[in-house]
>>> print(open('target_36.csv').read())   # CSV, C-alpha atoms
chain,number,residue,atom,x,y,z
A,1,MET,CA,111.2,72.0,129.1
A,2,SER,CA,112.8,69.2,127.2
A,3,ASN,CA,112.6,69.0,123.4
A,4,ARG,CA,110.6,65.8,123.7
A,5,ILE,CA,108.0,67.4,125.9
A,6,GLY,CA,107.8,70.4,123.7
A,7,LYS,CA,107.3,68.3,120.6
A,8,ARG,CA,104.7,66.2,122.3
A,9,GLY,CA,102.9,69.3,123.4
A,10,GLU,CA,102.8,70.7,119.8
A,11,ASN,CA,101.3,67.5,118.5
A,12,ILE,CA,98.7,67.4,121.4
A,13,PHE,CA,97.8,71.0,120.5
A,14,ALA,CA,97.5,70.1,116.8
A,15,THR,CA,95.0,67.3,117.6
A,16,LEU,CA,93.0,69.4,120.1
A,17,ILE,CA,92.6,72.5,117.9
A,18,THR,CA,91.5,70.2,115.0
A,19,ARG,CA,88.8,68.5,117.0
A,20,LYS,CA,85.6,68.4,115.1
A,21,SER,CA,82.8,70.8,116.0
A,22,THR,CA,79.5,69.7,117.5
A,23,THR,CA,78.2,69.5,113.9
A,24,GLY,CA,81.1,67.3,112.8
A,25,ASN,CA,83.2,69.8,110.9
A,26,PHE,CA,86.8,70.7,111.2
A,27,LEU,CA,87.0,74.4,112.1
A,28,PHE,CA,90.8,75.1,112.1
A,29,ASP,CA,93.9,74.3,110.1
A,30,PRO,CA,97.0,74.8,112.1
A,31,THR,CA,100.5,75.3,110.6
A,32,PHE,CA,103.6,75.0,112.7
A,33,LEU,CA,105.8,78.1,112.3
A,34,GLY,CA,109.1,76.7,113.5
A,35,ASP,CA,112.0,78.2,115.3
A,36,LYS,CA,112.1,81.4,113.2
A,37,PHE,CA,109.1,82.6,115.2
A,38,PRO,CA,110.3,82.7,118.8
A,39,THR,CA,107.0,84.0,120.4
A,40,VAL,CA,104.2,82.3,118.5
A,41,ASP,CA,104.2,78.6,117.5
A,42,PHE,CA,101.3,78.2,115.1
A,43,TYR,CA,99.4,80.1,112.5
A,44,VAL,CA,95.8,78.8,112.7
A,45,ALA,CA,93.5,79.4,109.8
A,46,LEU,CA,89.7,79.3,109.9
A,47,LEU,CA,88.3,76.7,107.6
A,48,ASP,CA,85.3,77.4,105.4
A,49,PHE,CA,85.4,81.1,106.2
A,50,PRO,CA,84.7,83.6,103.4
A,51,LEU,CA,87.8,85.7,104.2
A,52,LYS,CA,91.4,84.9,105.0
A,53,ALA,CA,91.0,84.7,108.7
A,54,PHE,CA,93.5,83.3,111.3
A,55,PHE,CA,95.0,83.7,114.7
A,56,PHE,CA,98.4,83.0,116.2
A,57,ALA,CA,98.9,80.4,118.9
A,58,SER,CA,101.6,80.2,121.5
A,59,VAL,CA,101.8,76.7,122.9
A,60,LYS,CA,103.2,76.1,126.4
A,61,THR,CA,103.4,72.5,127.5
A,62,THR,CA,103.8,71.5,131.1
A,63,THR,CA,104.3,68.4,133.2
A,64,LEU,CA,103.6,70.2,136.4
A,65,GLY,CA,99.9,69.8,136.7
A,66,TYR,CA,97.5,72.2,138.3
A,67,THR,CA,97.4,74.7,141.2
A,68,PRO,CA,95.4,73.5,144.3
A,69,GLY,CA,91.7,73.5,143.4
A,70,GLY,CA,92.5,73.0,139.8
A,71,GLU,CA,92.0,76.7,138.8
A,72,LYS,CA,95.1,77.0,136.8
A,73,LEU,CA,97.4,74.9,134.8
A,74,ARG,CA,101.0,75.4,136.0
A,75,VAL,CA,102.6,77.3,133.1
A,76,ILE,CA,104.9,80.2,133.7
A,77,ILE,CA,105.3,82.8,131.0
A,78,ASP,CA,108.0,85.4,131.3
A,79,LYS,CA,106.8,89.0,131.2
A,80,LYS,CA,109.1,89.7,128.2
A,81,ASP,CA,107.1,87.0,126.3
A,82,VAL,CA,103.9,88.4,127.7
A,83,ALA,CA,104.7,91.8,126.4
A,84,GLU,CA,105.6,90.4,122.9
A,85,LEU,CA,102.4,88.4,122.7
A,86,SER,CA,100.1,91.2,123.8
A,87,ALA,CA,101.8,93.6,121.3
A,88,PHE,CA,100.3,91.8,118.3
A,89,ASN,CA,97.5,93.8,116.7
A,90,LEU,CA,95.9,90.5,115.8
A,91,PRO,CA,94.1,87.7,117.7
A,92,VAL,CA,96.7,85.8,119.7
A,93,TYR,CA,96.0,83.1,122.2
A,94,ILE,CA,98.1,81.2,124.6
A,95,PHE,CA,97.4,77.4,124.9
A,96,GLY,CA,98.5,75.6,127.9
A,97,ILE,CA,98.9,71.9,127.3
A,98,ASP,CA,98.9,69.3,130.1
A,99,GLU,CA,101.3,66.8,128.7
A,100,GLY,CA,100.2,63.9,131.0
A,101,MET,CA,96.5,64.3,130.5
A,102,GLU,CA,96.7,65.3,126.9
A,103,GLN,CA,94.3,68.2,127.4
A,104,GLY,CA,94.6,72.0,127.0
A,105,PHE,CA,93.3,75.3,128.0
A,106,PHE,CA,93.5,78.7,126.4
A,107,ILE,CA,93.3,82.4,127.0
A,108,ALA,CA,93.7,85.5,124.8
A,109,ALA,CA,96.9,87.4,125.0
A,110,SER,CA,95.5,90.8,124.3
A,111,GLU,CA,94.5,91.8,127.8
A,112,PHE,CA,97.6,90.8,129.7
A,113,ASN,CA,99.4,93.0,132.2
A,114,THR,CA,102.7,93.2,130.5
A,115,SER,CA,104.6,94.1,133.7
A,116,LEU,CA,104.1,90.7,135.3
A,117,ASN,CA,105.0,87.1,134.6
A,118,ILE,CA,102.0,84.8,134.0
A,119,ASN,CA,101.8,82.2,136.7
A,120,GLY,CA,99.4,79.7,135.3
A,121,ILE,CA,96.7,79.5,132.7
A,122,THR,CA,93.1,79.5,133.9
A,123,THR,CA,91.2,76.2,133.3
A,124,ARG,CA,88.0,78.1,132.6
A,125,PHE,CA,88.4,77.6,128.9
A,126,PRO,CA,89.3,74.0,128.1
A,127,ILE,CA,89.8,73.1,124.4
A,128,THR,CA,86.4,71.5,123.8
A,129,PRO,CA,84.3,71.5,120.7
A,130,GLY,CA,82.0,74.1,122.2
A,131,ASN,CA,84.8,76.5,123.1
A,132,LEU,CA,86.4,75.9,119.7
A,133,GLU,CA,83.1,77.1,118.1
A,134,GLN,CA,83.2,80.2,120.3
A,135,LEU,CA,86.8,80.8,119.3
A,136,TYR,CA,85.9,80.4,115.6
A,137,LYS,CA,83.1,83.0,116.0
A,138,GLU,CA,85.3,85.4,117.9
A,139,VAL,CA,88.2,85.3,115.4
A,140,GLY,CA,85.7,85.4,112.5
A,141,ASP,CA,84.1,88.5,114.0
A,142,TYR,CA,87.5,90.2,114.3
A,143,TRP,CA,88.3,89.6,110.6
A,144,ASN,CA,84.8,90.6,109.5
A,145,ASN,CA,85.3,93.9,111.3
A,146,SER,CA,89.1,94.3,110.8
A,147,HIS,CA,88.6,97.3,108.5
A,148,LYS,CA,87.5,99.3,111.5
A,149,ASN,CA,91.0,98.9,112.9
A,150,THR,CA,89.7,98.5,116.5
A,151,LYS,CA,91.7,96.7,119.1
A,152,PHE,CA,91.0,93.0,119.3
A,153,VAL,CA,88.9,92.2,122.4
A,154,SER,CA,88.4,88.6,123.5
A,155,SER,CA,86.0,87.0,125.8
A,156,PHE,CA,88.6,84.4,126.7
A,157,ASN,CA,90.5,86.2,129.4
B,1,MET,CA,96.7,76.0,104.4
B,2,GLU,CA,99.5,73.8,103.1
B,3,ALA,CA,99.1,72.7,99.5
B,4,ASN,CA,97.0,69.5,99.2
B,5,LYS,CA,96.7,69.1,102.9
B,6,ASP,CA,94.2,66.5,103.8
B,7,ILE,CA,93.2,67.4,107.3
B,8,ASN,CA,91.8,64.0,108.1
B,9,GLU,CA,95.1,62.3,107.2
B,10,TRP,CA,97.2,65.1,108.7
B,11,ARG,CA,95.3,64.9,112.0
B,12,ALA,CA,95.6,61.1,112.1
B,13,GLU,CA,99.4,61.5,111.8
B,14,LYS,CA,99.4,63.9,114.7
B,15,LEU,CA,97.4,61.5,116.8
B,16,GLY,CA,99.9,58.8,115.9
B,17,TYR,CA,102.7,60.9,117.3
B,18,VAL,CA,100.7,61.7,120.5
B,19,TYR,CA,100.0,58.0,121.1
B,20,PHE,CA,103.5,56.6,120.5
B,21,SER,CA,105.2,59.5,122.3
B,22,ARG,CA,103.4,58.3,125.5
B,23,LEU,CA,106.2,55.8,125.9
B,24,ASP,CA,109.3,57.6,127.1
B,25,ASP,CA,111.8,55.3,125.4
B,26,LEU,CA,110.3,55.6,121.9
B,27,ILE,CA,112.3,57.9,119.7
B,28,ILE,CA,110.1,59.0,116.9
B,29,ASN,CA,111.6,60.0,113.5
B,30,GLU,CA,109.5,61.6,110.9
B,31,PRO,CA,110.6,61.5,107.3
B,32,ASN,CA,110.8,65.0,105.8
B,33,THR,CA,109.8,64.1,102.3
B,34,SER,CA,106.3,63.9,101.1
B,35,ASP,CA,107.1,60.7,99.1
B,36,LYS,CA,107.5,58.6,102.2
B,37,LEU,CA,107.1,54.9,102.7
B,38,PHE,CA,106.0,55.2,106.3
B,39,ASP,CA,104.9,58.1,108.5
B,40,TYR,CA,107.1,57.2,111.4
B,41,TRP,CA,110.3,55.3,112.0
B,42,ILE,CA,110.5,54.6,115.7
B,43,ASP,CA,113.6,53.5,117.6
B,44,ILE,CA,112.9,51.6,120.8
B,45,GLY,CA,115.6,53.4,122.9
B,46,GLU,CA,117.0,52.8,126.3
B,47,ASN,CA,117.2,55.7,128.7
B,48,ARG,CA,116.2,57.8,125.7
B,49,ARG,CA,119.2,56.8,123.7
B,50,PRO,CA,118.7,55.1,120.3
B,51,THR,CA,119.4,51.3,120.1
B,52,GLY,CA,118.7,50.7,116.4
B,53,ARG,CA,115.6,48.6,117.3
B,54,TYR,CA,113.4,50.2,114.7
B,55,PHE,CA,109.9,49.6,113.7
B,56,ALA,CA,107.8,51.5,111.1
B,57,VAL,CA,104.3,52.9,111.4
B,58,GLU,CA,101.9,53.9,108.6
B,59,VAL,CA,99.1,56.1,109.9
B,60,LYS,CA,95.7,56.6,108.2
B,61,SER,CA,92.4,58.1,109.2
B,62,PHE,CA,89.6,55.6,108.8
B,63,ASN,CA,86.7,57.9,108.2
B,64,ASN,CA,84.2,55.5,109.5
B,65,LYS,CA,85.6,52.7,107.3
B,66,LYS,CA,86.6,49.9,109.6
B,67,ASP,CA,88.1,48.0,106.7
B,68,PRO,CA,91.2,49.8,105.4
B,69,GLU,CA,92.5,49.2,101.9
B,70,LEU,CA,94.9,46.3,101.5
B,71,VAL,CA,98.5,46.8,102.4
B,72,PRO,CA,100.4,47.2,99.1
B,73,ASP,CA,103.1,44.7,98.0
B,74,GLU,CA,105.8,47.3,98.4
B,75,TYR,CA,105.9,46.4,102.1
B,76,LYS,CA,106.5,42.8,101.4
B,77,ASN,CA,110.3,42.7,101.7
B,78,LEU,CA,110.6,45.1,104.6
B,79,ALA,CA,113.0,43.6,107.1
B,80,ILE,CA,111.8,45.3,110.2
B,81,PRO,CA,108.4,45.1,112.1
B,82,ALA,CA,105.8,47.4,110.8
B,83,LEU,CA,102.3,48.5,111.8
B,84,LEU,CA,99.3,50.0,110.2
B,85,VAL,CA,97.5,52.4,112.6
B,86,LEU,CA,94.1,53.9,112.0
B,87,PHE,CA,92.5,56.8,113.8
B,88,ASP,CA,88.9,57.8,114.0
B,89,ASN,CA,88.9,61.6,113.9
B,90,ASN,CA,85.4,61.6,115.4
B,91,ASN,CA,86.5,60.3,118.8
B,92,ASP,CA,90.3,60.0,118.5
B,93,HIS,CA,90.3,56.2,119.1
B,94,GLY,CA,93.1,54.3,117.5
B,95,TYR,CA,93.3,50.8,116.0
B,96,TYR,CA,96.2,48.8,114.7
B,97,THR,CA,97.2,45.8,112.8
B,98,TRP,CA,100.6,44.4,111.8
B,99,ILE,CA,102.0,44.8,108.3
B,100,LYS,CA,105.1,42.9,109.2
B,101,LYS,CA,104.5,40.9,112.4
B,102,PRO,CA,107.4,39.8,114.5
B,103,GLU,CA,106.9,36.2,115.5
B,104,ASP,CA,108.3,34.4,118.5
B,105,ASN,CA,110.4,32.2,116.3
B,106,GLY,CA,112.2,35.3,114.9
B,107,GLU,CA,110.3,35.4,111.6
B,108,LEU,CA,108.5,38.4,110.2
B,109,LEU,CA,105.1,37.7,108.7
B,110,PHE,CA,103.7,39.8,106.0
B,111,ASP,CA,99.9,40.2,106.4
B,112,GLN,CA,97.8,41.7,103.6
B,113,THR,CA,94.5,40.6,104.9
B,114,LYS,CA,94.0,43.2,107.6
B,115,GLY,CA,91.2,41.3,109.2
B,116,ASN,CA,92.2,41.8,112.8
B,117,MET,CA,92.2,45.4,113.8
B,118,ALA,CA,92.9,45.7,117.5
B,119,GLU,CA,92.4,48.8,119.7
B,120,LEU,CA,95.5,50.9,120.2
B,121,ASN,CA,95.8,52.0,123.8
B,122,ASN,CA,98.5,52.2,126.5
B,123,ASP,CA,98.3,48.4,127.1
B,124,SER,CA,98.5,47.5,123.5
B,125,LEU,CA,101.4,50.0,122.9
B,126,ASN,CA,103.3,48.2,125.6
B,127,THR,CA,102.5,44.8,124.1
B,128,ILE,CA,103.7,46.0,120.7
B,129,VAL,CA,106.9,47.3,122.0
B,130,THR,CA,107.6,44.1,124.1
B,131,LYS,CA,106.9,42.0,121.1
B,132,ILE,CA,109.3,43.9,118.9
B,133,LYS,CA,112.0,43.9,121.6
B,134,ASN,CA,111.7,40.1,121.9
B,135,TRP,CA,112.0,39.8,118.1
B,136,TYR,CA,115.2,41.8,118.1
B,137,SER,CA,116.5,39.7,121.0
B,138,LYS,CA,115.8,36.6,119.0
B,139,LYS,CA,117.6,38.1,116.0
B,140,GLN,CA,120.7,38.8,118.0
B,141,ILE,CA,120.8,35.2,119.3
B,142,ALA,CA,120.4,33.9,115.8
>>> encode(input="target_36.csv", output="structure tokens")
Amino acid sequence: MSNRIGKRGENIFATLITRKSTTGNFLFDPTFLGDKFPTVDFYVALLDFPLKAFFFASVKTTTLGYTPGGEKLRVIIDKKDVAELSAFNLPVYIFGIDEGMEQGFFIAASEFNTSLNINGITTRFPITPGNLEQLYKEVGDYWNNSHKNTKFVSSFN
Amino acid sequence: MEANKDINEWRAEKLGYVYFSRLDDLIINEPNTSDKLFDYWIDIGENRRPTGRYFAVEVKSFNNKKDPELVPDEYKNLAIPALLVLFDNNNDHGYYTWIKKPEDNGELLFDQTKGNMAELNNDSLNTIVTKIKNWYSKKQIA
């Protein structure tokens, strides 16, 4: 992936994750982490939440489009990266960005089979205001219950 | 959250990058300092190589205000084309007007009135770039 495509994907992600909710509020505040964080790209804080709550985002940008039938965005993630992403004991999501269409899809990294490469990101969870509200609730619930030290479980997988 | 981050303005800047980076030959430079005159300095490249044909872009969110504040005098002596771009964070639509407008006769007009906001889309992006290229061509001949 060229630097230009990657930079464009980061900016597309930033605009998608900060879409307003159905009630007209910003839900998330993303911060780009830079090259010192090789596996995750953004720290994304929940806005207007009573606790410090956040998730990590790994952003994968593609110009390759979709699999036949449109079930997956063509993004390949090496199993080494898959293992690193699923090792976090925190909410981590992978965002696939379609560079041409300027749209994105996401899945949680917690349930991956770490012995396999990921060949495509499902298009079941587009970055829409409704799904962002679900994401906010899921991450908020995790931080509200984080003292229980249970493994993060996501409905986005 | 970054100190003093205004998410409306921050998001508008990101939308600006997304819009202008649609054109392959635009090389977008972002000043690193917070005290910046413009948000983007864009070189109209050729085959993704810089050519020095710069223009400047100031990005703002318009928060339902169609009528942005007047362009300050500090832009008056700028010697390259410059645009003011506004984004509506409710629907991601963009609008633009010239701060320093390149004219066909090679002049640059400073416009503080901001009365004519036009929609920013792929067609208008191409028109903007063509107009600036023509202006630089005129400068070279002169």
>>> residues_around(input="target_36.csv", residues="Thr114 in chain A", least_positions_apart="4", cutoff="9 Å", atoms="all atoms listed in the file", output="PyMOL selection string")
chain A and resi 79-84+86
>>> write_last_selection(input="target_36.csv", atoms="C-alpha atoms", output="tab-separated table (two decimals), in the coordinates of the input")
chain	number	residue	atom	x	y	z
A	79	LYS	CA	106.80	89.00	131.20
A	80	LYS	CA	109.10	89.70	128.20
A	81	ASP	CA	107.10	87.00	126.30
A	82	VAL	CA	103.90	88.40	127.70
A	83	ALA	CA	104.70	91.80	126.40
A	84	GLU	CA	105.60	90.40	122.90
A	86	SER	CA	100.10	91.20	123.80
>>> interface_residues(input="target_36.csv", of="chain B", to="chain A", cutoff="8 Å", atoms="only C-alpha atoms", output="ChimeraX atom specification")
/B:1-2,7,11,14-15,17-18,21,89-90
>>> atom_distance(input="target_36.csv", atom1="CA of Arg124 in chain A", atom2="CA of Arg22 in chain B")
26.1 Å
>>> closest_residue(input="target_36.csv", among="B:Asn32, B:Asn105, B:Thr97, B:Asn116", to="Ser137 in chain B", atoms="only C-alpha atoms")
B:Asn105
>>> atom_distance(input="target_36.csv", atom1="CA of Asn122 in chain B", atom2="CA of Ser2 in chain A")
22.2 Å
>>> closest_residue(input="target_36.csv", among="B:Glu46, B:Glu103, B:Glu58, B:Asp73", to="Val85 in chain B", atoms="all atoms listed in the file")
B:Glu58
>>> residues_around(input="target_36.csv", residues="Ile118 in chain A", least_positions_apart="6", cutoff="9 Å", atoms="all atoms listed in the file", output="list in words")
Val75, Ile76, Ile77, Asp78, Lys79, Val82 and Phe112 of chain A
>>> residues_around(input="target_36.csv", residues="Phe37 in chain A", least_positions_apart="4", cutoff="12 Å", atoms="all atoms listed in the file", output="VMD selection string")
chain A and resid 32 to 33 41 to 43 56 to 58 84 to 85
>>> residues_near_point(input="target_36.csv", point="(103.0, 52.2, 105.6)", cutoff="10 Å", atoms="all atoms listed in the file", output="ChimeraX atom specification")
/B:36-40,56-60,71-72,74-75,82-85,99
>>> residues_around(input="target_36.csv", residues="Tyr136 in chain B", least_positions_apart="2", cutoff="12 Å", atoms="all atoms listed in the file", output="count of residues only")
28
>>> closest_residue(input="target_36.csv", among="B:Asp111, B:Asp6, B:Glu13, B:Glu119", to="Trp98 in chain B", atoms="all atoms listed in the file")
B:Asp111
>>> residues_around(input="target_36.csv", residues="Thr22 in chain A", least_positions_apart="4", cutoff="9 Å", atoms="all atoms listed in the file", output="VMD selection string")
chain A and resid 129 to 130 133
>>> closest_residue(input="target_36.csv", among="A:Thr123, A:Ser115, A:Asn131, A:Thr63", to="Met101 in chain A", atoms="all atoms listed in the file")
A:Thr63
>>> atom_distance(input="target_36.csv", atom1="CA of Asn126 in chain B", atom2="CA of Asp92 in chain B")
18.9 Å
